[in-house]
file model-v1.pdb (PDB, C-alpha atoms and all ligand atoms)
MODEL        1
ATOM      1  CA  MET A   5       1.622   7.742  15.168  1.00  0.00           C
ATOM      2  CA  ALA A   6       1.193   5.589  12.060  1.00  0.00           C
ATOM      3  CA  ILE A   7      -1.093   6.128   9.095  1.00  0.00           C
ATOM      4  CA  VAL A   8      -3.352   3.064   9.025  1.00  0.00           C
ATOM      5  CA  ALA A   9      -4.497   1.765   5.650  1.00  0.00           C
ATOM      6  CA  PRO A  10      -7.082  -1.022   5.943  1.00  0.00           C
ATOM      7  CA  SER A  11      -6.789  -3.348   2.948  1.00  0.00           C
ATOM      8  CA  PHE A  12     -10.191  -3.881   1.341  1.00  0.00           C
ATOM      9  CA  LEU A  13      -9.027  -7.195  -0.100  1.00  0.00           C
ATOM     10  CA  SER A  14     -10.179  -8.592   3.253  1.00  0.00           C
ATOM     11  CA  ALA A  15     -13.485  -6.686   3.283  1.00  0.00           C
ATOM     12  CA  ASN A  16     -16.868  -8.358   2.824  1.00  0.00           C
ATOM     13  CA  PHE A  17     -17.601  -7.621  -0.860  1.00  0.00           C
ATOM     14  CA  LEU A  18     -21.315  -8.315  -0.364  1.00  0.00           C
ATOM     15  CA  GLN A  19     -21.429  -5.432   2.110  1.00  0.00           C
ATOM     16  CA  LEU A  20     -18.996  -2.922   0.687  1.00  0.00           C
ATOM     17  CA  GLN A  21     -21.133   0.076   1.629  1.00  0.00           C
ATOM     18  CA  GLU A  22     -21.269  -1.058   5.265  1.00  0.00           C
ATOM     19  CA  GLU A  23     -17.520  -1.756   5.257  1.00  0.00           C
ATOM     20  CA  CYS A  24     -16.884   1.774   3.921  1.00  0.00           C
ATOM     21  CA  ASP A  25     -19.210   3.325   6.502  1.00  0.00           C
ATOM     22  CA  LYS A  26     -17.323   1.491   9.235  1.00  0.00           C
ATOM     23  CA  ILE A  27     -13.853   2.508   8.033  1.00  0.00           C
ATOM     24  CA  ASN A  28     -15.058   6.080   7.454  1.00  0.00           C
ATOM     25  CA  THR A  29     -15.866   6.418  11.150  1.00  0.00           C
ATOM     26  CA  SER A  30     -12.453   4.985  12.124  1.00  0.00           C
ATOM     27  CA  GLU A  31      -9.123   6.686  12.712  1.00  0.00           C
ATOM     28  CA  ALA A  32      -7.719   5.110   9.543  1.00  0.00           C
ATOM     29  CA  GLU A  33      -6.609   7.838   7.140  1.00  0.00           C
ATOM     30  CA  TRP A  34      -6.241   5.742   3.998  1.00  0.00           C
ATOM     31  CA  TYR A  35      -8.063   2.966   2.115  1.00  0.00           C
ATOM     32  CA  HIS A  36      -5.594   0.415   0.695  1.00  0.00           C
ATOM     33  CA  LEU A  37      -6.924  -1.049  -2.570  1.00  0.00           C
ATOM     34  CA  ASP A  38      -5.173  -4.055  -4.138  1.00  0.00           C
ATOM     35  CA  VAL A  39      -5.482  -4.502  -7.890  1.00  0.00           C
ATOM     36  CA  MET A  40      -4.300  -7.898  -9.194  1.00  0.00           C
ATOM     37  CA  ASP A  41      -4.212  -9.117 -12.777  1.00  0.00           C
ATOM     38  CA  GLY A  42      -3.589 -12.856 -12.537  1.00  0.00           C
ATOM     39  CA  SER A  43      -0.301 -12.339 -14.375  1.00  0.00           C
ATOM     40  CA  PHE A  44       2.042 -10.384 -12.117  1.00  0.00           C
ATOM     41  CA  VAL A  45       0.559 -12.241  -9.156  1.00  0.00           C
ATOM     42  CA  PRO A  46      -1.304 -15.583  -9.037  1.00  0.00           C
ATOM     43  CA  ASN A  47      -4.620 -14.002  -8.094  1.00  0.00           C
ATOM     44  CA  ILE A  48      -7.250 -11.630  -9.531  1.00  0.00           C
ATOM     45  CA  SER A  49      -8.986  -9.086  -7.326  1.00  0.00           C
ATOM     46  CA  PHE A  50     -10.959  -5.991  -8.357  1.00  0.00           C
ATOM     47  CA  GLY A  51     -10.300  -3.120 -10.722  1.00  0.00           C
ATOM     48  CA  ILE A  52     -11.165   0.330 -11.974  1.00  0.00           C
ATOM     49  CA  PRO A  53     -15.011   0.307 -11.673  1.00  0.00           C
ATOM     50  CA  VAL A  54     -14.868  -0.868  -8.048  1.00  0.00           C
ATOM     51  CA  ILE A  55     -12.355   1.841  -7.183  1.00  0.00           C
ATOM     52  CA  ALA A  56     -14.517   4.482  -8.882  1.00  0.00           C
ATOM     53  CA  ALA A  57     -17.457   3.287  -6.764  1.00  0.00           C
ATOM     54  CA  LEU A  58     -15.414   3.386  -3.551  1.00  0.00           C
ATOM     55  CA  ARG A  59     -14.380   6.948  -4.449  1.00  0.00           C
ATOM     56  CA  LYS A  60     -18.028   7.939  -4.019  1.00  0.00           C
ATOM     57  CA  ALA A  61     -18.195   6.243  -0.608  1.00  0.00           C
ATOM     58  CA  THR A  62     -15.319   8.032   1.128  1.00  0.00           C
ATOM     59  CA  LYS A  63     -13.287  11.205   1.381  1.00  0.00           C
ATOM     60  CA  LYS A  64     -10.284   9.290   2.710  1.00  0.00           C
ATOM     61  CA  VAL A  65      -7.099   8.822   0.698  1.00  0.00           C
ATOM     62  CA  LEU A  66      -7.399   6.026  -1.876  1.00  0.00           C
ATOM     63  CA  ASP A  67      -4.060   4.213  -1.847  1.00  0.00           C
ATOM     64  CA  VAL A  68      -4.075   1.978  -4.917  1.00  0.00           C
ATOM     65  CA  HIS A  69      -1.534  -0.860  -5.069  1.00  0.00           C
ATOM     66  CA  LEU A  70      -1.148  -2.164  -8.614  1.00  0.00           C
ATOM     67  CA  MET A  71       0.020  -5.764  -8.777  1.00  0.00           C
ATOM     68  CA  ILE A  72      -0.222  -5.827 -12.562  1.00  0.00           C
ATOM     69  CA  VAL A  73       2.130  -6.045 -15.534  1.00  0.00           C
ATOM     70  CA  GLU A  74       2.568  -2.913 -17.655  1.00  0.00           C
ATOM     71  CA  PRO A  75       1.056  -0.616 -15.002  1.00  0.00           C
ATOM     72  CA  GLU A  76       1.956   2.443 -17.116  1.00  0.00           C
ATOM     73  CA  LYS A  77      -0.960   1.615 -19.433  1.00  0.00           C
ATOM     74  CA  TYR A  78      -3.541   2.339 -16.719  1.00  0.00           C
ATOM     75  CA  ILE A  79      -2.229   5.501 -14.999  1.00  0.00           C
ATOM     76  CA  ALA A  80      -4.853   7.801 -16.540  1.00  0.00           C
ATOM     77  CA  ALA A  81      -7.658   5.325 -15.806  1.00  0.00           C
ATOM     78  CA  PHE A  82      -6.797   5.111 -12.113  1.00  0.00           C
ATOM     79  CA  ALA A  83      -6.460   8.893 -11.887  1.00  0.00           C
ATOM     80  CA  ASP A  84      -9.945   9.223 -13.414  1.00  0.00           C
ATOM     81  CA  ALA A  85     -11.273   6.619 -10.951  1.00  0.00           C
ATOM     82  CA  GLY A  86     -10.133   8.856  -8.087  1.00  0.00           C
ATOM     83  CA  ALA A  87      -6.912   7.275  -6.823  1.00  0.00           C
ATOM     84  CA  ASN A  88      -4.782   9.588  -4.671  1.00  0.00           C
ATOM     85  CA  VAL A  89      -1.682   7.407  -4.307  1.00  0.00           C
ATOM     86  CA  LEU A  90      -0.742   5.061  -7.160  1.00  0.00           C
ATOM     87  CA  THR A  91       1.859   2.411  -6.441  1.00  0.00           C
ATOM     88  CA  VAL A  92       3.488   0.273  -9.123  1.00  0.00           C
ATOM     89  CA  HIS A  93       5.841  -2.649  -8.608  1.00  0.00           C
ATOM     90  CA  LEU A  94       9.483  -2.112  -9.478  1.00  0.00           C
ATOM     91  CA  GLU A  95       9.550  -5.680 -10.811  1.00  0.00           C
ATOM     92  CA  ALA A  96       6.725  -4.849 -13.267  1.00  0.00           C
ATOM     93  CA  SER A  97       8.085  -1.507 -14.498  1.00  0.00           C
ATOM     94  CA  VAL A  98      10.678  -1.482 -17.266  1.00  0.00           C
ATOM     95  CA  HIS A  99      10.837   2.333 -17.399  1.00  0.00           C
ATOM     96  CA  LEU A 100      10.216   3.075 -13.753  1.00  0.00           C
ATOM     97  CA  HIS A 101      11.496   6.661 -13.815  1.00  0.00           C
ATOM     98  CA  ARG A 102       9.104   7.604 -16.613  1.00  0.00           C
ATOM     99  CA  THR A 103       6.193   5.840 -14.923  1.00  0.00           C
ATOM    100  CA  ILE A 104       6.797   7.750 -11.666  1.00  0.00           C
ATOM    101  CA  GLN A 105       6.764  11.058 -13.543  1.00  0.00           C
ATOM    102  CA  GLN A 106       3.560  10.118 -15.369  1.00  0.00           C
ATOM    103  CA  ILE A 107       1.789   9.245 -12.118  1.00  0.00           C
ATOM    104  CA  LYS A 108       2.694  12.675 -10.720  1.00  0.00           C
ATOM    105  CA  GLN A 109       1.678  14.427 -13.945  1.00  0.00           C
ATOM    106  CA  HIS A 110      -1.769  12.892 -13.445  1.00  0.00           C
ATOM    107  CA  GLY A 111      -2.026  14.587 -10.052  1.00  0.00           C
ATOM    108  CA  MET A 112      -1.404  11.521  -7.877  1.00  0.00           C
ATOM    109  CA  LYS A 113       1.291  10.662  -5.351  1.00  0.00           C
ATOM    110  CA  ALA A 114       3.749   8.161  -6.788  1.00  0.00           C
ATOM    111  CA  GLY A 115       4.633   4.938  -5.004  1.00  0.00           C
ATOM    112  CA  VAL A 116       6.879   1.999  -5.805  1.00  0.00           C
ATOM    113  CA  ALA A 117       6.421  -1.432  -4.231  1.00  0.00           C
ATOM    114  CA  LEU A 118       9.200  -3.963  -3.728  1.00  0.00           C
ATOM    115  CA  ASN A 119       8.697  -7.705  -3.512  1.00  0.00           C
ATOM    116  CA  PRO A 120      10.365  -9.442  -0.563  1.00  0.00           C
ATOM    117  CA  HIS A 121      13.370 -10.507  -2.706  1.00  0.00           C
ATOM    118  CA  THR A 122      14.055  -7.034  -4.126  1.00  0.00           C
ATOM    119  CA  PRO A 123      16.738  -5.005  -2.331  1.00  0.00           C
ATOM    120  CA  VAL A 124      15.927  -1.408  -1.366  1.00  0.00           C
ATOM    121  CA  SER A 125      19.254  -0.327  -2.897  1.00  0.00           C
ATOM    122  CA  LEU A 126      17.593  -0.545  -6.354  1.00  0.00           C
ATOM    123  CA  LEU A 127      15.649   2.631  -5.453  1.00  0.00           C
ATOM    124  CA  GLN A 128      18.747   4.785  -4.948  1.00  0.00           C
ATOM    125  CA  ASP A 129      18.369   6.654  -8.255  1.00  0.00           C
ATOM    126  CA  VAL A 130      14.659   7.452  -7.882  1.00  0.00           C
ATOM    127  CA  ILE A 131      14.258   7.896  -4.145  1.00  0.00           C
ATOM    128  CA  THR A 132      13.951  11.696  -4.325  1.00  0.00           C
ATOM    129  CA  ASP A 133      11.202  11.370  -6.974  1.00  0.00           C
ATOM    130  CA  LEU A 134       9.020   9.130  -4.816  1.00  0.00           C
ATOM    131  CA  ASP A 135       6.199   9.939  -2.420  1.00  0.00           C
ATOM    132  CA  LEU A 136       5.952   6.395  -1.076  1.00  0.00           C
ATOM    133  CA  VAL A 137       7.820   3.104  -1.008  1.00  0.00           C
ATOM    134  CA  CYS A 138       5.737   0.030  -0.226  1.00  0.00           C
ATOM    135  CA  LEU A 139       7.796  -2.806   1.221  1.00  0.00           C
ATOM    136  CA  MET A 140       6.023  -6.102   0.691  1.00  0.00           C
ATOM    137  CA  SER A 141       6.360  -8.125   3.872  1.00  0.00           C
ATOM    138  CA  VAL A 142       4.652 -11.131   2.251  1.00  0.00           C
ATOM    139  CA  ASN A 143       4.712 -12.375  -1.330  1.00  0.00           C
ATOM    140  CA  PRO A 144       1.981 -10.346  -3.034  1.00  0.00           C
ATOM    141  CA  GLY A 145      -1.268 -11.929  -4.115  1.00  0.00           C
ATOM    142  CA  PHE A 146      -3.163 -12.878  -0.975  1.00  0.00           C
ATOM    143  CA  GLY A 147      -4.279 -11.519   2.366  1.00  0.00           C
ATOM    144  CA  GLY A 148      -3.719 -13.240   5.680  1.00  0.00           C
ATOM    145  CA  GLN A 149      -0.141 -14.444   5.103  1.00  0.00           C
ATOM    146  CA  LYS A 150       2.704 -14.619   7.599  1.00  0.00           C
ATOM    147  CA  PHE A 151       4.970 -11.593   8.007  1.00  0.00           C
ATOM    148  CA  ILE A 152       8.539 -11.999   6.672  1.00  0.00           C
ATOM    149  CA  GLU A 153      10.965 -11.025   9.466  1.00  0.00           C
ATOM    150  CA  ARG A 154      13.680  -9.762   7.123  1.00  0.00           C
ATOM    151  CA  THR A 155      11.416  -6.730   6.523  1.00  0.00           C
ATOM    152  CA  TYR A 156      12.630  -4.931   9.661  1.00  0.00           C
ATOM    153  CA  GLN A 157      16.153  -4.620   8.245  1.00  0.00           C
ATOM    154  CA  LYS A 158      14.762  -3.441   4.905  1.00  0.00           C
ATOM    155  CA  VAL A 159      12.804  -0.703   6.690  1.00  0.00           C
ATOM    156  CA  ARG A 160      15.961   0.456   8.477  1.00  0.00           C
ATOM    157  CA  ASP A 161      17.995   0.425   5.237  1.00  0.00           C
ATOM    158  CA  LEU A 162      15.287   2.322   3.372  1.00  0.00           C
ATOM    159  CA  LYS A 163      14.900   4.859   6.174  1.00  0.00           C
ATOM    160  CA  ALA A 164      18.655   5.555   6.038  1.00  0.00           C
ATOM    161  CA  MET A 165      18.480   6.039   2.259  1.00  0.00           C
ATOM    162  CA  ILE A 166      15.555   8.447   2.608  1.00  0.00           C
ATOM    163  CA  VAL A 167      17.257  10.510   5.332  1.00  0.00           C
ATOM    164  CA  ASN A 168      20.589  10.616   3.484  1.00  0.00           C
ATOM    165  CA  SER A 169      18.968  11.684   0.203  1.00  0.00           C
ATOM    166  CA  GLY A 170      16.728  14.346   1.730  1.00  0.00           C
ATOM    167  CA  SER A 171      13.663  12.612   0.243  1.00  0.00           C
ATOM    168  CA  ASN A 172      10.397  12.957   2.145  1.00  0.00           C
ATOM    169  CA  CYS A 173       8.909   9.750   0.871  1.00  0.00           C
ATOM    170  CA  LEU A 174       6.837   7.591   3.213  1.00  0.00           C
ATOM    171  CA  ILE A 175       7.565   3.954   4.059  1.00  0.00           C
ATOM    172  CA  GLU A 176       4.546   1.647   3.825  1.00  0.00           C
ATOM    173  CA  ILE A 177       4.492  -1.944   5.060  1.00  0.00           C
ATOM    174  CA  ASP A 178       2.138  -4.357   3.318  1.00  0.00           C
ATOM    175  CA  GLY A 179       1.436  -7.911   4.433  1.00  0.00           C
ATOM    176  CA  GLY A 180       1.105  -9.685   7.749  1.00  0.00           C
ATOM    177  CA  VAL A 181       0.926  -6.510   9.837  1.00  0.00           C
ATOM    178  CA  THR A 182      -0.521  -7.265  13.277  1.00  0.00           C
ATOM    179  CA  LEU A 183      -0.887  -5.602  16.673  1.00  0.00           C
ATOM    180  CA  ASP A 184       2.214  -7.591  17.690  1.00  0.00           C
ATOM    181  CA  ASN A 185       4.615  -6.281  15.028  1.00  0.00           C
ATOM    182  CA  ALA A 186       3.219  -2.783  14.377  1.00  0.00           C
ATOM    183  CA  LYS A 187       5.310  -0.986  17.013  1.00  0.00           C
ATOM    184  CA  LYS A 188       8.525  -2.719  15.931  1.00  0.00           C
ATOM    185  CA  LEU A 189       7.804  -1.562  12.368  1.00  0.00           C
ATOM    186  CA  THR A 190       7.205   2.083  13.278  1.00  0.00           C
ATOM    187  CA  ASP A 191      10.294   2.016  15.521  1.00  0.00           C
ATOM    188  CA  ALA A 192      12.297   0.872  12.468  1.00  0.00           C
ATOM    189  CA  GLY A 193      10.926   3.789  10.418  1.00  0.00           C
ATOM    190  CA  ALA A 194       7.577   2.729   8.930  1.00  0.00           C
ATOM    191  CA  ASP A 195       5.012   5.497   8.342  1.00  0.00           C
ATOM    192  CA  VAL A 196       2.037   3.631   6.837  1.00  0.00           C
ATOM    193  CA  LEU A 197       0.725   0.268   8.034  1.00  0.00           C
ATOM    194  CA  VAL A 198      -1.480  -1.697   5.648  1.00  0.00           C
ATOM    195  CA  ALA A 199      -3.696  -4.173   7.485  1.00  0.00           C
ATOM    196  CA  GLY A 200      -6.220  -6.466   5.852  1.00  0.00           C
ATOM    197  CA  ASN A 201      -6.879  -9.506   7.960  1.00  0.00           C
ATOM    198  CA  THR A 202      -5.886  -7.771  11.203  1.00  0.00           C
ATOM    199  CA  VAL A 203      -8.594  -5.124  10.703  1.00  0.00           C
ATOM    200  CA  PHE A 204     -11.424  -6.894   8.886  1.00  0.00           C
ATOM    201  CA  ALA A 205     -11.241 -10.184  10.837  1.00  0.00           C
ATOM    202  CA  SER A 206     -11.066  -8.311  14.130  1.00  0.00           C
ATOM    203  CA  PRO A 207     -14.064  -8.519  16.488  1.00  0.00           C
ATOM    204  CA  ASP A 208     -13.653  -4.744  16.917  1.00  0.00           C
ATOM    205  CA  PRO A 209     -12.135  -3.218  13.748  1.00  0.00           C
ATOM    206  CA  LEU A 210     -12.354   0.369  15.022  1.00  0.00           C
ATOM    207  CA  GLU A 211     -10.438  -0.434  18.201  1.00  0.00           C
ATOM    208  CA  THR A 212      -7.886  -2.460  16.212  1.00  0.00           C
ATOM    209  CA  ILE A 213      -7.322   0.534  13.908  1.00  0.00           C
ATOM    210  CA  ARG A 214      -6.963   2.829  16.922  1.00  0.00           C
ATOM    211  CA  LEU A 215      -4.307   0.540  18.415  1.00  0.00           C
ATOM    212  CA  LEU A 216      -2.430   0.163  15.106  1.00  0.00           C
ATOM    213  CA  ARG A 217      -2.351   3.940  14.748  1.00  0.00           C
ATOM    214  CA  LEU A 218      -0.785   4.339  18.179  1.00  0.00           C
ATOM    215  CA  ALA A 219       2.040   1.941  17.248  1.00  0.00           C
TER     216      ALA A 219
HETATM  217  C1  LIG A 301      -1.193  -8.697  -0.672  1.00  0.00           C
HETATM  218  C2  LIG A 301      -1.788  -7.313  -0.629  1.00  0.00           C
HETATM  219  C3  LIG A 301      -2.054  -6.826   0.748  1.00  0.00           C
HETATM  220  C4  LIG A 301      -3.014  -7.661   1.543  1.00  0.00           C
HETATM  221  C5  LIG A 301      -2.561  -7.569   2.962  1.00  0.00           C
HETATM  222  O1  LIG A 301      -0.740  -8.938  -1.950  1.00  0.00           O
HETATM  223  O2  LIG A 301      -0.933  -6.373  -1.251  1.00  0.00           O
HETATM  224  O3  LIG A 301      -2.451  -5.458   0.756  1.00  0.00           O
HETATM  225  O4  LIG A 301      -4.349  -7.253   1.445  1.00  0.00           O
HETATM  226  O5  LIG A 301      -3.332  -8.420   3.712  1.00  0.00           O
HETATM  227  P1  LIG A 301      -2.936  -8.822   5.199  1.00  0.00           P
HETATM  228  O6  LIG A 301      -2.840  -7.547   5.994  1.00  0.00           O
HETATM  229  O7  LIG A 301      -4.074  -9.696   5.617  1.00  0.00           O
HETATM  230  O8  LIG A 301      -1.616  -9.553   5.149  1.00  0.00           O
HETATM  231 ZN    ZN A 302      -1.383  -4.199  -1.011  1.00  0.00          ZN
ENDMDL
END
call {"tool": "encode", "arguments": {"input": "model-v1.pdb", "output": "structure tokens", "more": "lines below"}}
Ligand code: DX5
Ligand code: ZN
result
Amino acid sequence: MAIVAPSFLSANFLQLQEECDKINTSEAEWYHLDVMDGSFVPNISFGIPVIAALRKATKKVLDVHLMIVEPEKYIAAFADAGANVLTVHLEASVHLHRTIQQIKQHGMKAGVALNPHTPVSLLQDVITDLDLVCLMSVNPGFGGQKFIERTYQKVRDLKAMIVNSGSNCLIEIDGGVTLDNAKKLTDAGADVLVAGNTVFASPDPLETIRLLRLA
């Protein structure tokens, strides 16, 4: 059974209330919220005020994925906005250990995301401090991209590191998740499946979420 995290990057922004109402009635446990700054990634999405508004529209877990430089500057702001899980990119964090501790001190679960080129071995010295590792299975910045096949091996390597270290951190997969690859990902060790296009472009988002969860 996977945790499903619909990515609101693919939602209809003119009908955010309706999109929230729909996801709230679904079996998805998390909202995945992508924050982009036009610097770390070549795109700009939404930020703190939108997340604070979404907080009022749901009781589900707000899983905030920061694709921004210097993420440590905004930890308190995202905590105040109501984020439950705050994920920073390893590639954007000079003092990653400190940033992880600060996220937890603000009462949130701490996540680290890895770009497709970043080996999971770089997490060895912080794995027991983490609540979540987000493996990017596309290059971050856009929804609807093609899944990178190398990800399966990264999930297996990360799962082995987690088991060997005694960490209870979750493995999240972000990018190109579909009904065709979901089961292979959970078999490899994935716990959380982010799905933007697969959910919001589906003719029946609730049924698609139900099927992803069963993966
Ligand atoms: C990409 C974002 C993803 C994106 C996934 O940078 O981090 O969360 O919304 O979209 P899909 O599921 O359409 O690949
Ligand atoms: Zn994301």
call {"tool": "closest_residue", "arguments": {"input": "model-v1.pdb", "among": "A:Val54, A:Leu174, A:Ala164, A:Val142", "to": "ligand ZN 302 (chain A)", "atoms": "only C-alpha atoms and all ligand atoms"}}
result
A:Val142
call {"tool": "residues_around", "arguments": {"input": "model-v1.pdb", "residues": "Glu33 of chain A", "least_positions_apart": "3", "cutoff": "9 Å", "atoms": "all atoms listed in the file", "output": "PyMOL selection string"}}
result
chain A and resi 7-10+28+30+64-65
call {"tool": "resolve_selection", "arguments": {"input": "model-v1.pdb", "expression": "the PyMOL selection byres (((chain A and resi 43-46) around 8) and not hetatm)", "output": "ChimeraX atom specification"}}
result
/A:40-42,47-48,71-73,96,144-145
call {"tool": "atom_distance", "arguments": {"input": "model-v1.pdb", "atom1": "atom O7 of ligand LIG 301 (chain A)", "atom2": "atom CA of Arg217 of chain A"}}
result
16.5 Å
call {"tool": "atom_distance", "arguments": {"input": "model-v1.pdb", "atom1": "atom CA of Phe204 of chain A", "atom2": "atom O2 of ligand LIG 301 (chain A)"}}
result
14.6 Å
call {"tool": "resolve_selection", "arguments": {"input": "model-v1.pdb", "expression": "the PyMOL selection byres (((chain A and resi 75) around 10) and not hetatm)", "output": "list in words"}}
result
Leu70, Met71, Ile72, Val73, Glu74, Glu76, Lys77, Tyr78, Ile79, Leu90, Thr91, Val92, His93, Ala96, Ser97, Val98, Leu100 and Thr103 of chain A
call {"tool": "resolve_selection", "arguments": {"input": "model-v1.pdb", "expression": "the PyMOL selection byres (((not hetatm)) within 10 of (chain A and resi 301))", "output": "JSON, numbers by chain"}}
result
{"A": [9, 10, 11, 12, 13, 14, 15, 36, 37, 38, 39, 40, 45, 46, 47, 49, 68, 69, 70, 71, 117, 119, 138, 139, 140, 141, 142, 143, 144, 145, 146, 147, 148, 149, 150, 151, 177, 178, 179, 180, 181, 182, 197, 198, 199, 200, 201, 202, 203, 204, 205]}
call {"tool": "closest_residue", "arguments": {"input": "model-v1.pdb", "among": "A:Leu20, A:Met112, A:Val137, A:Ala85", "to": "ligand ZN 302 (chain A)", "atoms": "all atoms listed in the file"}}
result
A:Val137
call {"tool": "residues_around", "arguments": {"input": "model-v1.pdb", "residues": "Asn172 of chain A", "least_positions_apart": "2", "cutoff": "9 Å", "atoms": "all atoms listed in the file", "output": "compact mmCIF listing (two decimals) with C-alpha atoms, keeping the file's coordinate frame"}}
result
# COMPACT_ATOMS: atom_id res chain seq x y z
CA ILE A 131 14.26 7.90 -4.14
CA THR A 132 13.95 11.70 -4.32
CA LEU A 134 9.02 9.13 -4.82
CA ASP A 135 6.20 9.94 -2.42
CA LEU A 136 5.95 6.40 -1.08
CA ILE A 166 15.56 8.45 2.61
CA VAL A 167 17.26 10.51 5.33
CA SER A 169 18.97 11.68 0.20
CA GLY A 170 16.73 14.35 1.73
CA LEU A 174 6.84 7.59 3.21
call {"tool": "atom_distance", "arguments": {"input": "model-v1.pdb", "atom1": "atom CA of Asp133 of chain A", "atom2": "atom CA of Gln109 of chain A"}}
result
12.2 Å
call {"tool": "closest_residue", "arguments": {"input": "model-v1.pdb", "among": "A:Leu126, A:Leu162, A:Leu66, A:Leu189", "to": "ligand ZN 302 (chain A)", "atoms": "only C-alpha atoms and all ligand atoms"}}
result
A:Leu66
call {"tool": "closest_residue", "arguments": {"input": "model-v1.pdb", "among": "A:Glu176, A:His121, A:Ala32, A:Asp195", "to": "ligand ZN 302 (chain A)", "atoms": "all atoms listed in the file"}}
result
A:Glu176
call {"tool": "closest_residue", "arguments": {"input": "model-v1.pdb", "among": "A:Leu118, A:Val130, A:Leu210, A:Leu215", "to": "ligand ZN 302 (chain A)", "atoms": "all atoms listed in the file"}}
result
A:Leu118
call {"tool": "closest_residue", "arguments": {"input": "model-v1.pdb", "among": "A:Leu58, A:Gly51, A:Ile104, A:Ile152", "to": "Gln21 of chain A", "atoms": "all atoms listed in the file"}}
result
A:Leu58
call {"tool": "decode", "arguments": {"input": "model-v1.pdb", "residues": "segment 207-218 of chain A", "atoms": "N, CA and C atoms", "output": "PDB file, in the first residue's frame"}}
result
ATOM      1  N   PRO A 207      -9.141  10.872 -16.553  1.00  0.00           N
ATOM      2  CA  PRO A 207     -10.594  11.073 -16.653  1.00  0.00           C
ATOM      3  C   PRO A 207     -11.294  10.767 -15.329  1.00  0.00           C
ATOM      4  N   ASP A 208     -10.637   9.971 -14.476  1.00  0.00           N
ATOM      5  CA  ASP A 208     -11.230   9.618 -13.178  1.00  0.00           C
ATOM      6  C   ASP A 208     -10.138   9.665 -12.096  1.00  0.00           C
ATOM      7  N   PRO A 209      -9.811  10.889 -11.626  1.00  0.00           N
ATOM      8  CA  PRO A 209      -8.698  11.034 -10.676  1.00  0.00           C
ATOM      9  C   PRO A 209      -8.854  10.178  -9.407  1.00  0.00           C
ATOM     10  N   LEU A 210     -10.069  10.034  -8.914  1.00  0.00           N
ATOM     11  CA  LEU A 210     -10.244   9.270  -7.671  1.00  0.00           C
ATOM     12  C   LEU A 210      -9.910   7.796  -7.877  1.00  0.00           C
ATOM     13  N   GLU A 211     -10.325   7.252  -9.008  1.00  0.00           N
ATOM     14  CA  GLU A 211     -10.023   5.853  -9.314  1.00  0.00           C
ATOM     15  C   GLU A 211      -8.519   5.679  -9.576  1.00  0.00           C
ATOM     16  N   THR A 212      -7.916   6.668 -10.240  1.00  0.00           N
ATOM     17  CA  THR A 212      -6.471   6.595 -10.497  1.00  0.00           C
ATOM     18  C   THR A 212      -5.701   6.601  -9.173  1.00  0.00           C
ATOM     19  N   ILE A 213      -6.121   7.439  -8.233  1.00  0.00           N
ATOM     20  CA  ILE A 213      -5.473   7.467  -6.916  1.00  0.00           C
ATOM     21  C   ILE A 213      -5.655   6.127  -6.205  1.00  0.00           C
ATOM     22  N   ARG A 214      -6.852   5.583  -6.296  1.00  0.00           N
ATOM     23  CA  ARG A 214      -7.122   4.283  -5.643  1.00  0.00           C
ATOM     24  C   ARG A 214      -6.179   3.207  -6.198  1.00  0.00           C
ATOM     25  N   LEU A 215      -6.002   3.201  -7.517  1.00  0.00           N
ATOM     26  CA  LEU A 215      -5.141   2.196  -8.143  1.00  0.00           C
ATOM     27  C   LEU A 215      -3.668   2.429  -7.805  1.00  0.00           C
ATOM     28  N   LEU A 216      -3.242   3.683  -7.770  1.00  0.00           N
ATOM     29  CA  LEU A 216      -1.848   3.982  -7.388  1.00  0.00           C
ATOM     30  C   LEU A 216      -1.581   3.502  -5.963  1.00  0.00           C
ATOM     31  N   ARG A 217      -2.550   3.715  -5.102  1.00  0.00           N
ATOM     32  CA  ARG A 217      -2.377   3.344  -3.685  1.00  0.00           C
ATOM     33  C   ARG A 217      -2.220   1.836  -3.519  1.00  0.00           C
ATOM     34  N   LEU A 218      -2.897   1.092  -4.375  1.00  0.00           N
ATOM     35  CA  LEU A 218      -2.822  -0.375  -4.282  1.00  0.00           C
ATOM     36  C   LEU A 218      -1.513  -0.921  -4.828  1.00  0.00           C
TER      37      LEU A 218
END
